[in-house]
Amino acid sequence: MINVDAIEAWIAHDPSEEDRCELSSLLAAAQRGDNTASIELADRFSGPLTFGTAGLRGSMAGGPHRMNRAVVRRAAAGLVAYLLEKVGTDAVVVVGNDARHHSREFAEDTAAIAHAAGLRALLMPRALPTPLVAYAVRALGADAGVMVTASHNPAADNGYKVYLGNRCADEWGNGVQLVPPADADIAAKIASAPPADEVPLAEGYEIIGEDLIDSYVEEAASLVPPNHSRDLKIVYTAMHGVGEPIVRRVLDKAGFTNVIEVAEQCTPDPDFPTVPFPNPEEPGALDLAKALAKKVNADLVLATDPDADRCSAAVPVNGEWRQLSGDEIGSILGEYVAQTVSMLDQGSATLASSIVSSRLLQQIAESHMINYEATLTGFKWIARTPHLSFGYEEAIGFCVNPNAVRDKDGISASAVLAYVAARLSDGGSDLTGELDRLYAKHGVYYSGPVTVRVDDLSIIPATMAKVRQDPPAELAGSALTSIVDLSEGSDDLPPTDGIAWYTEQNDRVIIRPSGTEPKVKCYLEVYSPVDSPDSLDAAKALAAKRLTHLKADVAEALKL
């Protein structure tokens, strides 16, 4: 059943003529007996789009359970009310946006609402990568930041990511995405915000100058030592996003001038015409880049997702191009950062990764006698690790410069990875050779996903209930030795919806619902010890075989 009064009230206050017309047409169809229209309206008015630790994210359309101008205006009003309560009218908020449909108008509305309330609102001059907003929050001493982006989601989606800083954050949370209880506090302010068309807006907010963008470029490029080999041919794709101009500038300033772009994907296009999912991790997403790399005989493929907060890479192996996983890149970057930590910093420097990422990073940290921390999934947790030197998550998110950008940053990570590749090449090795060196030293850690994407959201809690109540006796031929229910929390981690299985052979499986997509995600890792340099290939083959077996067993365990 649909609530006609509630729908008509929402339409009356919706500031978007396009959304008003669409909702009115749906309502008229539903009242004529169109069941499809009724179901659609029931979903759109099933409740407000949840504001949580990822801010807002959803499909763009009219109604309170979608991303649209009315929802964004009320979200901005709630955030402004929170800042007024916490800081006062001298609060400073930075606002940025990517190149998705409606992103700029959502950002401009946010800045106008903050300015109307007496806050100092600073708007990015154009569509720019997410890391620049995280950078600006710290560099400008802002109390909050808003980035309008759905990152790597499909073209129909948009989102509203919130950072807290300065007077709204502690030392380690300055410029980091918000976490509880701030998300619930802001959500409560949103719930009590006036109807969208009654939220005051005012022109006169400030446009951030090019000097801040220049400063970010200098900061990112400075991560690459000045005297290094520049003999590296790089193919780069921006995945139809906003990364290209800044990535190009950073690589150029770092000395990497031989960069060949995937022309079809380096101009922003909110429809993402060459990829159904503009996520470098998705199968086929790097096909154009790998084909170009093979054609021009490149040394490295670099890719950023549409808002350039994540990066991926591919390398040539025996004449073909192989994409590196997030765990492989994270291990390589973590080893490099650990090597650069000075003796004076060893007591406090920390490497961090999410609990679903590879355990190899912990081995790397311990081998360099520096700290390691495991956190909950997401950079809202990773980036607030005290004394962080490097942090990563397996979903190709890397923080290589936490003093400047306390979030994942695909631009800075791309520059550092290019440098590591060049340095290894000078020494007669490459990125896969570096992985082999790490495996020979610490053992082989192979990881892989099993994902269940659902249309019926009730399948997600049902699946989680099944894996809690009916775990398998063994996985990949190895008995389960430990089951950890992450919802119970621990001394080290707050509670989260997830379950972890550990086997006698030191394999690990973590199962959790996705925080941003309708999925149940499983993170698998197998371990195979390496007894001698001559046994590395055998250990890798064994690990690969057991990972295949583990994937099949986990998929079977998830079946309802």
# chains A, B, ... in the order shown; residues from 1 in each chain; ligands from 1

$ select_by_dssp --residues "range 320-522 of chain A" --states "alpha helix (DSSP H)" --output "PyMOL selection string"
chain A and resi 326-340+360-367+379-382+410-426+431-442+459-469

$ closest_atom_pairs --of "range 232-272 of chain A" --to "range 289-308 of chain A" --cutoff "9 Å" --atoms "only C-alpha atoms" --output "tab-separated table"
residue	atom	partner	partner_atom	distance
A:Leu232	CA	A:Asp299	CA	6.1
A:Lys233	CA	A:Ala298	CA	5.0
A:Ile234	CA	A:Leu300	CA	5.0
A:Val235	CA	A:Val301	CA	4.7
A:Tyr236	CA	A:Leu302	CA	4.8
A:Thr237	CA	A:Ala303	CA	4.9
A:Ala238	CA	A:Thr304	CA	5.2
A:Met239	CA	A:Pro306	CA	5.6
A:His240	CA	A:Pro306	CA	6.1
A:Gly241	CA	A:Pro306	CA	3.7
A:Val242	CA	A:Asp307	CA	5.8
A:Gly243	CA	A:Ala308	CA	5.2
A:Glu244	CA	A:Thr304	CA	8.6
A:Val247	CA	A:Ala308	CA	8.7
A:Ile260	CA	A:Ala293	CA	8.6
A:Glu261	CA	A:Ala289	CA	8.3
A:Val262	CA	A:Ala289	CA	6.0
A:Pro268	CA	A:Pro306	CA	8.1
A:Pro270	CA	A:Pro306	CA	9.0

$ residues_around --residues "Leu424 in chain A" --least-positions-apart "2" --cutoff "12 Å" --atoms "only C-alpha atoms" --output "count of residues only"
24

$ closest_atom_pairs --of "range 387-440 of chain A" --to "range 538-546 of chain A" --cutoff "10 Å" --atoms "only C-alpha atoms" --output "tab-separated table"
residue	atom	partner	partner_atom	distance
A:Asp436	CA	A:Lys540	CA	9.2
A:Tyr439	CA	A:Lys540	CA	8.7
A:Ala440	CA	A:Ala539	CA	9.3

$ atom_distance --atom1 "CA of Tyr135 in chain A" --atom2 "CA of Ala117 in chain A"
24.4 Å

$ residues_around --residues "range 351-363 of chain A" --least-positions-apart "6" --cutoff "9 Å" --atoms "only C-alpha atoms" --output "number ranges by chain"
A: 326-328, 330-331, 334-335, 337-338, 370-379, 381-383, 385, 387-395, 438-439, 442-447, 509-511, 522-525

$ residues_around --residues "Lys551 in chain A" --least-positions-apart "2" --cutoff "9 Å" --atoms "only C-alpha atoms" --output "list in words"
Gly448, Pro449, Val450, Ala476, Leu524, Arg546, Leu547, Thr548, His549, Asp553, Val554, Ala555 and Glu556 of chain A

$ atom_distance --atom1 "CA of Lys380 in chain A" --atom2 "CA of Lys408 in chain A"
9.6 Å

$ select_by_dssp --residues "range 172-320 of chain A" --states "strand (DSSP E)" --output "PyMOL selection string"
chain A and resi 176-177+206-207+234-237+259-261+300-304+311-317+320

$ write_last_selection --atoms "N, CA and C atoms" --output "PDB file, in the first residue's frame"
ATOM      1  N   VAL A 176      39.046  12.721   8.579  1.00  0.00           N
ATOM      2  CA  VAL A 176      38.645  11.343   8.327  1.00  0.00           C
ATOM      3  C   VAL A 176      37.119  11.290   8.186  1.00  0.00           C
ATOM      4  N   GLN A 177      36.635  10.321   7.421  1.00  0.00           N
ATOM      5  CA  GLN A 177      35.194  10.122   7.313  1.00  0.00           C
ATOM      6  C   GLN A 177      34.598   9.872   8.697  1.00  0.00           C
ATOM      7  N   GLU A 206      32.360  30.839  -0.856  1.00  0.00           N
ATOM      8  CA  GLU A 206      33.675  31.036  -1.474  1.00  0.00           C
ATOM      9  C   GLU A 206      34.016  29.890  -2.412  1.00  0.00           C
ATOM     10  N   ILE A 207      34.763  30.211  -3.453  1.00  0.00           N
ATOM     11  CA  ILE A 207      35.309  29.191  -4.349  1.00  0.00           C
ATOM     12  C   ILE A 207      36.783  28.991  -3.991  1.00  0.00           C
ATOM     13  N   ILE A 234      54.010   4.161 -18.951  1.00  0.00           N
ATOM     14  CA  ILE A 234      52.797   3.903 -18.175  1.00  0.00           C
ATOM     15  C   ILE A 234      51.568   4.129 -19.041  1.00  0.00           C
ATOM     16  N   VAL A 235      50.641   3.185 -19.002  1.00  0.00           N
ATOM     17  CA  VAL A 235      49.309   3.385 -19.570  1.00  0.00           C
ATOM     18  C   VAL A 235      48.362   3.700 -18.418  1.00  0.00           C
ATOM     19  N   TYR A 236      47.547   4.750 -18.581  1.00  0.00           N
ATOM     20  CA  TYR A 236      46.674   5.193 -17.496  1.00  0.00           C
ATOM     21  C   TYR A 236      45.235   5.327 -17.976  1.00  0.00           C
ATOM     22  N   THR A 237      44.291   4.882 -17.134  1.00  0.00           N
ATOM     23  CA  THR A 237      42.873   5.104 -17.395  1.00  0.00           C
ATOM     24  C   THR A 237      42.209   5.731 -16.185  1.00  0.00           C
ATOM     25  N   VAL A 259      53.536   8.853 -20.234  1.00  0.00           N
ATOM     26  CA  VAL A 259      52.232   8.344 -19.802  1.00  0.00           C
ATOM     27  C   VAL A 259      51.276   8.389 -20.995  1.00  0.00           C
ATOM     28  N   ILE A 260      50.713   7.254 -21.319  1.00  0.00           N
ATOM     29  CA  ILE A 260      49.795   7.140 -22.454  1.00  0.00           C
ATOM     30  C   ILE A 260      48.401   6.853 -21.904  1.00  0.00           C
ATOM     31  N   GLU A 261      47.459   7.709 -22.235  1.00  0.00           N
ATOM     32  CA  GLU A 261      46.118   7.587 -21.668  1.00  0.00           C
ATOM     33  C   GLU A 261      45.211   6.727 -22.540  1.00  0.00           C
ATOM     34  N   LEU A 300      53.735  -0.634 -17.261  1.00  0.00           N
ATOM     35  CA  LEU A 300      52.810  -0.621 -16.128  1.00  0.00           C
ATOM     36  C   LEU A 300      51.481  -0.019 -16.564  1.00  0.00           C
ATOM     37  N   VAL A 301      50.393  -0.580 -16.089  1.00  0.00           N
ATOM     38  CA  VAL A 301      49.068   0.012 -16.236  1.00  0.00           C
ATOM     39  C   VAL A 301      48.642   0.548 -14.885  1.00  0.00           C
ATOM     40  N   LEU A 302      48.183   1.796 -14.859  1.00  0.00           N
ATOM     41  CA  LEU A 302      47.603   2.393 -13.660  1.00  0.00           C
ATOM     42  C   LEU A 302      46.161   2.784 -13.957  1.00  0.00           C
ATOM     43  N   ALA A 303      45.276   2.580 -13.006  1.00  0.00           N
ATOM     44  CA  ALA A 303      43.874   2.943 -13.169  1.00  0.00           C
ATOM     45  C   ALA A 303      43.379   3.568 -11.881  1.00  0.00           C
ATOM     46  N   THR A 304      42.599   4.639 -12.011  1.00  0.00           N
ATOM     47  CA  THR A 304      41.891   5.176 -10.855  1.00  0.00           C
ATOM     48  C   THR A 304      40.397   5.019 -11.091  1.00  0.00           C
ATOM     49  N   CYS A 311      42.971   3.063  -6.545  1.00  0.00           N
ATOM     50  CA  CYS A 311      43.764   2.810  -7.752  1.00  0.00           C
ATOM     51  C   CYS A 311      44.028   1.319  -7.895  1.00  0.00           C
ATOM     52  N   SER A 312      44.228   0.921  -9.140  1.00  0.00           N
ATOM     53  CA  SER A 312      44.594  -0.455  -9.444  1.00  0.00           C
ATOM     54  C   SER A 312      45.768  -0.435 -10.415  1.00  0.00           C
ATOM     55  N   ALA A 313      46.317  -1.613 -10.664  1.00  0.00           N
ATOM     56  CA  ALA A 313      47.482  -1.701 -11.541  1.00  0.00           C
ATOM     57  C   ALA A 313      47.516  -3.061 -12.209  1.00  0.00           C
ATOM     58  N   ALA A 314      48.144  -3.098 -13.364  1.00  0.00           N
ATOM     59  CA  ALA A 314      48.384  -4.354 -14.072  1.00  0.00           C
ATOM     60  C   ALA A 314      49.816  -4.354 -14.572  1.00  0.00           C
ATOM     61  N   VAL A 315      50.368  -5.563 -14.701  1.00  0.00           N
ATOM     62  CA  VAL A 315      51.779  -5.707 -15.082  1.00  0.00           C
ATOM     63  C   VAL A 315      51.902  -6.791 -16.137  1.00  0.00           C
ATOM     64  N   PRO A 316      52.941  -6.714 -16.975  1.00  0.00           N
ATOM     65  CA  PRO A 316      53.139  -7.764 -17.981  1.00  0.00           C
ATOM     66  C   PRO A 316      53.768  -9.005 -17.355  1.00  0.00           C
ATOM     67  N   VAL A 317      53.191 -10.157 -17.670  1.00  0.00           N
ATOM     68  CA  VAL A 317      53.724 -11.435 -17.198  1.00  0.00           C
ATOM     69  C   VAL A 317      53.684 -12.410 -18.376  1.00  0.00           C
ATOM     70  N   GLU A 320      51.505 -11.444 -21.386  1.00  0.00           N
ATOM     71  CA  GLU A 320      50.118 -11.076 -21.107  1.00  0.00           C
ATOM     72  C   GLU A 320      50.080 -10.108 -19.929  1.00  0.00           C
TER      73      GLU A 320
END

$ closest_residue --among "A:Phe256, A:Tyr163, A:Trp10, A:Tyr216" --to "Leu128 in chain A" --atoms "only C-alpha atoms"
A:Tyr216

$ closest_atom_pairs --of "range 191-304 of chain A" --to "range 397-402 of chain A" --cutoff "10 Å" --atoms "only C-alpha atoms" --output "Markdown table"
| residue | atom | partner | partner_atom | distance |
| --- | --- | --- | --- | --- |
| A:Glu219 | CA | A:Asn401 | CA | 8.8 |
| A:Ala220 | CA | A:Asn401 | CA | 8.0 |
| A:Leu223 | CA | A:Asn401 | CA | 7.8 |

$ write_last_selection --atoms "N, CA and C atoms" --output "PDB file, in the first residue's frame"
ATOM      1  N   GLU A 219      52.401  18.140  -2.959  1.00  0.00           N
ATOM      2  CA  GLU A 219      52.483  17.193  -1.845  1.00  0.00           C
ATOM      3  C   GLU A 219      52.539  15.751  -2.358  1.00  0.00           C
ATOM      4  N   ALA A 220      51.666  15.426  -3.308  1.00  0.00           N
ATOM      5  CA  ALA A 220      51.627  14.065  -3.828  1.00  0.00           C
ATOM      6  C   ALA A 220      52.908  13.725  -4.584  1.00  0.00           C
ATOM      7  N   LEU A 223      56.207  12.714  -2.695  1.00  0.00           N
ATOM      8  CA  LEU A 223      56.376  11.360  -2.140  1.00  0.00           C
ATOM      9  C   LEU A 223      57.386  10.550  -2.942  1.00  0.00           C
TER      10      LEU A 223
END

$ atom_distance --atom1 "CA of Thr110 in chain A" --atom2 "CA of Ala77 in chain A"
8.1 Å

$ residues_around --residues "Glu488 in chain A" --least-positions-apart "3" --cutoff "10 Å" --atoms "only C-alpha atoms" --output "list in words"
Val484, Asp485, Leu493, Pro494, Pro495, Thr496, Asp497, Gly498 and Ile499 of chain A

$ write_last_selection --atoms "C-alpha atoms" --output "PDB file, in the first residue's frame"
ATOM      1  CA  VAL A 484      34.652 -15.562  15.686  1.00  0.00           C
ATOM      2  CA  ASP A 485      31.368 -13.649  15.647  1.00  0.00           C
ATOM      3  CA  LEU A 493      37.514  -3.907  17.611  1.00  0.00           C
ATOM      4  CA  PRO A 494      34.018  -2.504  18.030  1.00  0.00           C
ATOM      5  CA  PRO A 495      31.174  -4.852  17.044  1.00  0.00           C
ATOM      6  CA  THR A 496      30.306  -5.239  13.367  1.00  0.00           C
ATOM      7  CA  ASP A 497      28.053  -7.613  11.459  1.00  0.00           C
ATOM      8  CA  GLY A 498      30.409 -10.355  10.346  1.00  0.00           C
ATOM      9  CA  ILE A 499      31.673 -13.848  11.002  1.00  0.00           C
TER      10      ILE A 499
END

$ residues_around --residues "Pro273 in chain A" --least-positions-apart "6" --cutoff "12 Å" --atoms "only C-alpha atoms" --output "ChimeraX atom specification"
/A:154-155,239-241,264-267,285

$ write_last_selection --atoms "C-alpha atoms" --output "short mmCIF file (atom, residue, chain, number, x, y, z; two decimals), in the first residue's frame"
data_model
loop_
_atom_site.label_atom_id
_atom_site.label_comp_id
_atom_site.auth_asym_id
_atom_site.auth_seq_id
_atom_site.Cartn_x
_atom_site.Cartn_y
_atom_site.Cartn_z
CA PRO A 154 27.03 2.36 -11.37
CA ALA A 155 26.00 5.47 -13.30
CA MET A 239 37.51 5.13 -15.86
CA HIS A 240 35.45 8.05 -17.23
CA GLY A 241 36.06 9.89 -13.97
CA GLU A 264 38.04 6.44 -24.49
CA GLN A 265 38.08 6.58 -20.67
CA CYS A 266 40.01 9.69 -19.67
CA THR A 267 37.32 12.34 -20.22
CA ALA A 285 37.12 -3.03 -16.54
#

$ closest_residue --among "A:Pro245, A:Gly173, A:Gly96, A:Pro15" --to "Pro195 in chain A" --atoms "only C-alpha atoms"
A:Pro15

$ decode --residues "range 371-476 of chain A" --atoms "C-alpha atoms" --output "PDB file, in the first residue's frame"
ATOM      1  CA  ASN A 371      53.582  -1.501  14.785  1.00  0.00           C
ATOM      2  CA  TYR A 372      50.628  -3.064  13.026  1.00  0.00           C
ATOM      3  CA  GLU A 373      46.910  -2.484  13.633  1.00  0.00           C
ATOM      4  CA  ALA A 374      43.910  -4.329  12.209  1.00  0.00           C
ATOM      5  CA  THR A 375      40.747  -2.250  11.953  1.00  0.00           C
ATOM      6  CA  LEU A 376      37.150  -2.654  10.904  1.00  0.00           C
ATOM      7  CA  THR A 377      36.432  -2.426   7.186  1.00  0.00           C
ATOM      8  CA  GLY A 378      36.527   1.046   5.653  1.00  0.00           C
ATOM      9  CA  PHE A 379      38.885   3.986   5.693  1.00  0.00           C
ATOM     10  CA  LYS A 380      36.780   5.712   8.323  1.00  0.00           C
ATOM     11  CA  TRP A 381      38.481   3.215  10.652  1.00  0.00           C
ATOM     12  CA  ILE A 382      41.847   2.638   8.955  1.00  0.00           C
ATOM     13  CA  ALA A 383      42.669   6.336   8.603  1.00  0.00           C
ATOM     14  CA  ARG A 384      42.123   7.163  12.281  1.00  0.00           C
ATOM     15  CA  THR A 385      44.796   4.696  13.415  1.00  0.00           C
ATOM     16  CA  PRO A 386      47.217   6.594  15.704  1.00  0.00           C
ATOM     17  CA  HIS A 387      50.682   7.228  14.236  1.00  0.00           C
ATOM     18  CA  LEU A 388      49.613   5.836  10.871  1.00  0.00           C
ATOM     19  CA  SER A 389      52.389   5.607   8.274  1.00  0.00           C
ATOM     20  CA  PHE A 390      50.504   3.500   5.739  1.00  0.00           C
ATOM     21  CA  GLY A 391      47.065   1.973   5.579  1.00  0.00           C
ATOM     22  CA  TYR A 392      45.189  -0.058   3.006  1.00  0.00           C
ATOM     23  CA  GLU A 393      42.107  -2.156   2.379  1.00  0.00           C
ATOM     24  CA  GLU A 394      41.814  -5.002  -0.077  1.00  0.00           C
ATOM     25  CA  ALA A 395      39.269  -3.056  -2.165  1.00  0.00           C
ATOM     26  CA  ILE A 396      42.185  -1.150  -3.816  1.00  0.00           C
ATOM     27  CA  GLY A 397      42.218   1.674  -1.279  1.00  0.00           C
ATOM     28  CA  PHE A 398      45.640   2.947  -0.171  1.00  0.00           C
ATOM     29  CA  CYS A 399      46.728   5.742   2.179  1.00  0.00           C
ATOM     30  CA  VAL A 400      50.378   6.509   1.492  1.00  0.00           C
ATOM     31  CA  ASN A 401      50.556  10.034   2.952  1.00  0.00           C
ATOM     32  CA  PRO A 402      48.339  10.210   6.055  1.00  0.00           C
ATOM     33  CA  ASN A 403      49.800  13.499   7.255  1.00  0.00           C
ATOM     34  CA  ALA A 404      48.262  15.189   4.217  1.00  0.00           C
ATOM     35  CA  VAL A 405      45.332  12.967   3.179  1.00  0.00           C
ATOM     36  CA  ARG A 406      43.855  10.867   5.939  1.00  0.00           C
ATOM     37  CA  ASP A 407      41.839   8.746   3.546  1.00  0.00           C
ATOM     38  CA  LYS A 408      42.434   6.476   0.607  1.00  0.00           C
ATOM     39  CA  ASP A 409      44.112   8.357  -2.223  1.00  0.00           C
ATOM     40  CA  GLY A 410      44.454   6.723  -5.632  1.00  0.00           C
ATOM     41  CA  ILE A 411      46.505   9.596  -7.023  1.00  0.00           C
ATOM     42  CA  SER A 412      49.313   9.575  -4.465  1.00  0.00           C
ATOM     43  CA  ALA A 413      49.292   5.777  -4.416  1.00  0.00           C
ATOM     44  CA  SER A 414      49.677   5.670  -8.203  1.00  0.00           C
ATOM     45  CA  ALA A 415      52.739   7.906  -8.031  1.00  0.00           C
ATOM     46  CA  VAL A 416      54.379   5.848  -5.285  1.00  0.00           C
ATOM     47  CA  LEU A 417      53.598   2.563  -7.042  1.00  0.00           C
ATOM     48  CA  ALA A 418      55.138   3.920 -10.262  1.00  0.00           C
ATOM     49  CA  TYR A 419      58.267   4.836  -8.319  1.00  0.00           C
ATOM     50  CA  VAL A 420      58.496   1.398  -6.696  1.00  0.00           C
ATOM     51  CA  ALA A 421      58.114  -0.232 -10.128  1.00  0.00           C
ATOM     52  CA  ALA A 422      60.867   1.977 -11.574  1.00  0.00           C
ATOM     53  CA  ARG A 423      63.194   1.310  -8.656  1.00  0.00           C
ATOM     54  CA  LEU A 424      62.648  -2.432  -8.901  1.00  0.00           C
ATOM     55  CA  SER A 425      63.297  -2.301 -12.638  1.00  0.00           C
ATOM     56  CA  ASP A 426      66.615  -0.583 -12.005  1.00  0.00           C
ATOM     57  CA  GLY A 427      67.509  -3.489  -9.735  1.00  0.00           C
ATOM     58  CA  GLY A 428      66.559  -6.107 -12.303  1.00  0.00           C
ATOM     59  CA  SER A 429      63.216  -7.010 -10.734  1.00  0.00           C
ATOM     60  CA  ASP A 430      59.573  -5.962 -11.071  1.00  0.00           C
ATOM     61  CA  LEU A 431      56.382  -5.829  -9.020  1.00  0.00           C
ATOM     62  CA  THR A 432      55.648  -9.554  -9.308  1.00  0.00           C
ATOM     63  CA  GLY A 433      59.262 -10.269  -8.441  1.00  0.00           C
ATOM     64  CA  GLU A 434      58.845  -8.148  -5.312  1.00  0.00           C
ATOM     65  CA  LEU A 435      55.791 -10.189  -4.349  1.00  0.00           C
ATOM     66  CA  ASP A 436      57.802 -13.381  -4.760  1.00  0.00           C
ATOM     67  CA  ARG A 437      60.510 -11.937  -2.520  1.00  0.00           C
ATOM     68  CA  LEU A 438      57.919 -11.176   0.157  1.00  0.00           C
ATOM     69  CA  TYR A 439      56.378 -14.643  -0.176  1.00  0.00           C
ATOM     70  CA  ALA A 440      59.785 -16.329   0.108  1.00  0.00           C
ATOM     71  CA  LYS A 441      60.380 -14.380   3.305  1.00  0.00           C
ATOM     72  CA  HIS A 442      56.964 -14.568   4.966  1.00  0.00           C
ATOM     73  CA  GLY A 443      55.089 -17.419   3.277  1.00  0.00           C
ATOM     74  CA  VAL A 444      52.547 -17.322   0.468  1.00  0.00           C
ATOM     75  CA  TYR A 445      49.332 -15.438   1.239  1.00  0.00           C
ATOM     76  CA  TYR A 446      46.768 -15.726  -1.559  1.00  0.00           C
ATOM     77  CA  SER A 447      43.412 -14.021  -1.258  1.00  0.00           C
ATOM     78  CA  GLY A 448      40.213 -13.907  -3.273  1.00  0.00           C
ATOM     79  CA  PRO A 449      36.521 -13.009  -3.000  1.00  0.00           C
ATOM     80  CA  VAL A 450      33.225 -14.825  -3.078  1.00  0.00           C
ATOM     81  CA  THR A 451      30.342 -12.385  -3.543  1.00  0.00           C
ATOM     82  CA  VAL A 452      26.591 -12.872  -3.492  1.00  0.00           C
ATOM     83  CA  ARG A 453      24.758  -9.960  -5.136  1.00  0.00           C
ATOM     84  CA  VAL A 454      21.044  -9.915  -4.325  1.00  0.00           C
ATOM     85  CA  ASP A 455      17.875  -8.265  -5.595  1.00  0.00           C
ATOM     86  CA  ASP A 456      15.899  -9.312  -2.514  1.00  0.00           C
ATOM     87  CA  LEU A 457      17.542  -7.581   0.468  1.00  0.00           C
ATOM     88  CA  SER A 458      16.040 -10.130   2.888  1.00  0.00           C
ATOM     89  CA  ILE A 459      18.543 -12.665   1.536  1.00  0.00           C
ATOM     90  CA  ILE A 460      21.399 -10.774   3.221  1.00  0.00           C
ATOM     91  CA  PRO A 461      20.302 -11.259   6.874  1.00  0.00           C
ATOM     92  CA  ALA A 462      19.133 -14.785   6.053  1.00  0.00           C
ATOM     93  CA  THR A 463      22.592 -15.635   4.704  1.00  0.00           C
ATOM     94  CA  MET A 464      24.314 -14.128   7.733  1.00  0.00           C
ATOM     95  CA  ALA A 465      22.018 -16.130  10.029  1.00  0.00           C
ATOM     96  CA  LYS A 466      22.848 -19.338   8.155  1.00  0.00           C
ATOM     97  CA  VAL A 467      26.630 -18.950   8.393  1.00  0.00           C
ATOM     98  CA  ARG A 468      26.304 -18.234  12.120  1.00  0.00           C
ATOM     99  CA  GLN A 469      23.994 -21.145  12.860  1.00  0.00           C
ATOM    100  CA  ASP A 470      25.301 -23.743  10.406  1.00  0.00           C
ATOM    101  CA  PRO A 471      29.045 -23.341   9.803  1.00  0.00           C
ATOM    102  CA  PRO A 472      30.864 -26.024   7.800  1.00  0.00           C
ATOM    103  CA  ALA A 473      32.971 -28.588   9.645  1.00  0.00           C
ATOM    104  CA  GLU A 474      35.913 -28.051   7.286  1.00  0.00           C
ATOM    105  CA  LEU A 475      37.062 -25.829   4.436  1.00  0.00           C
ATOM    106  CA  ALA A 476      39.439 -26.851   1.649  1.00  0.00           C
TER     107      ALA A 476
END
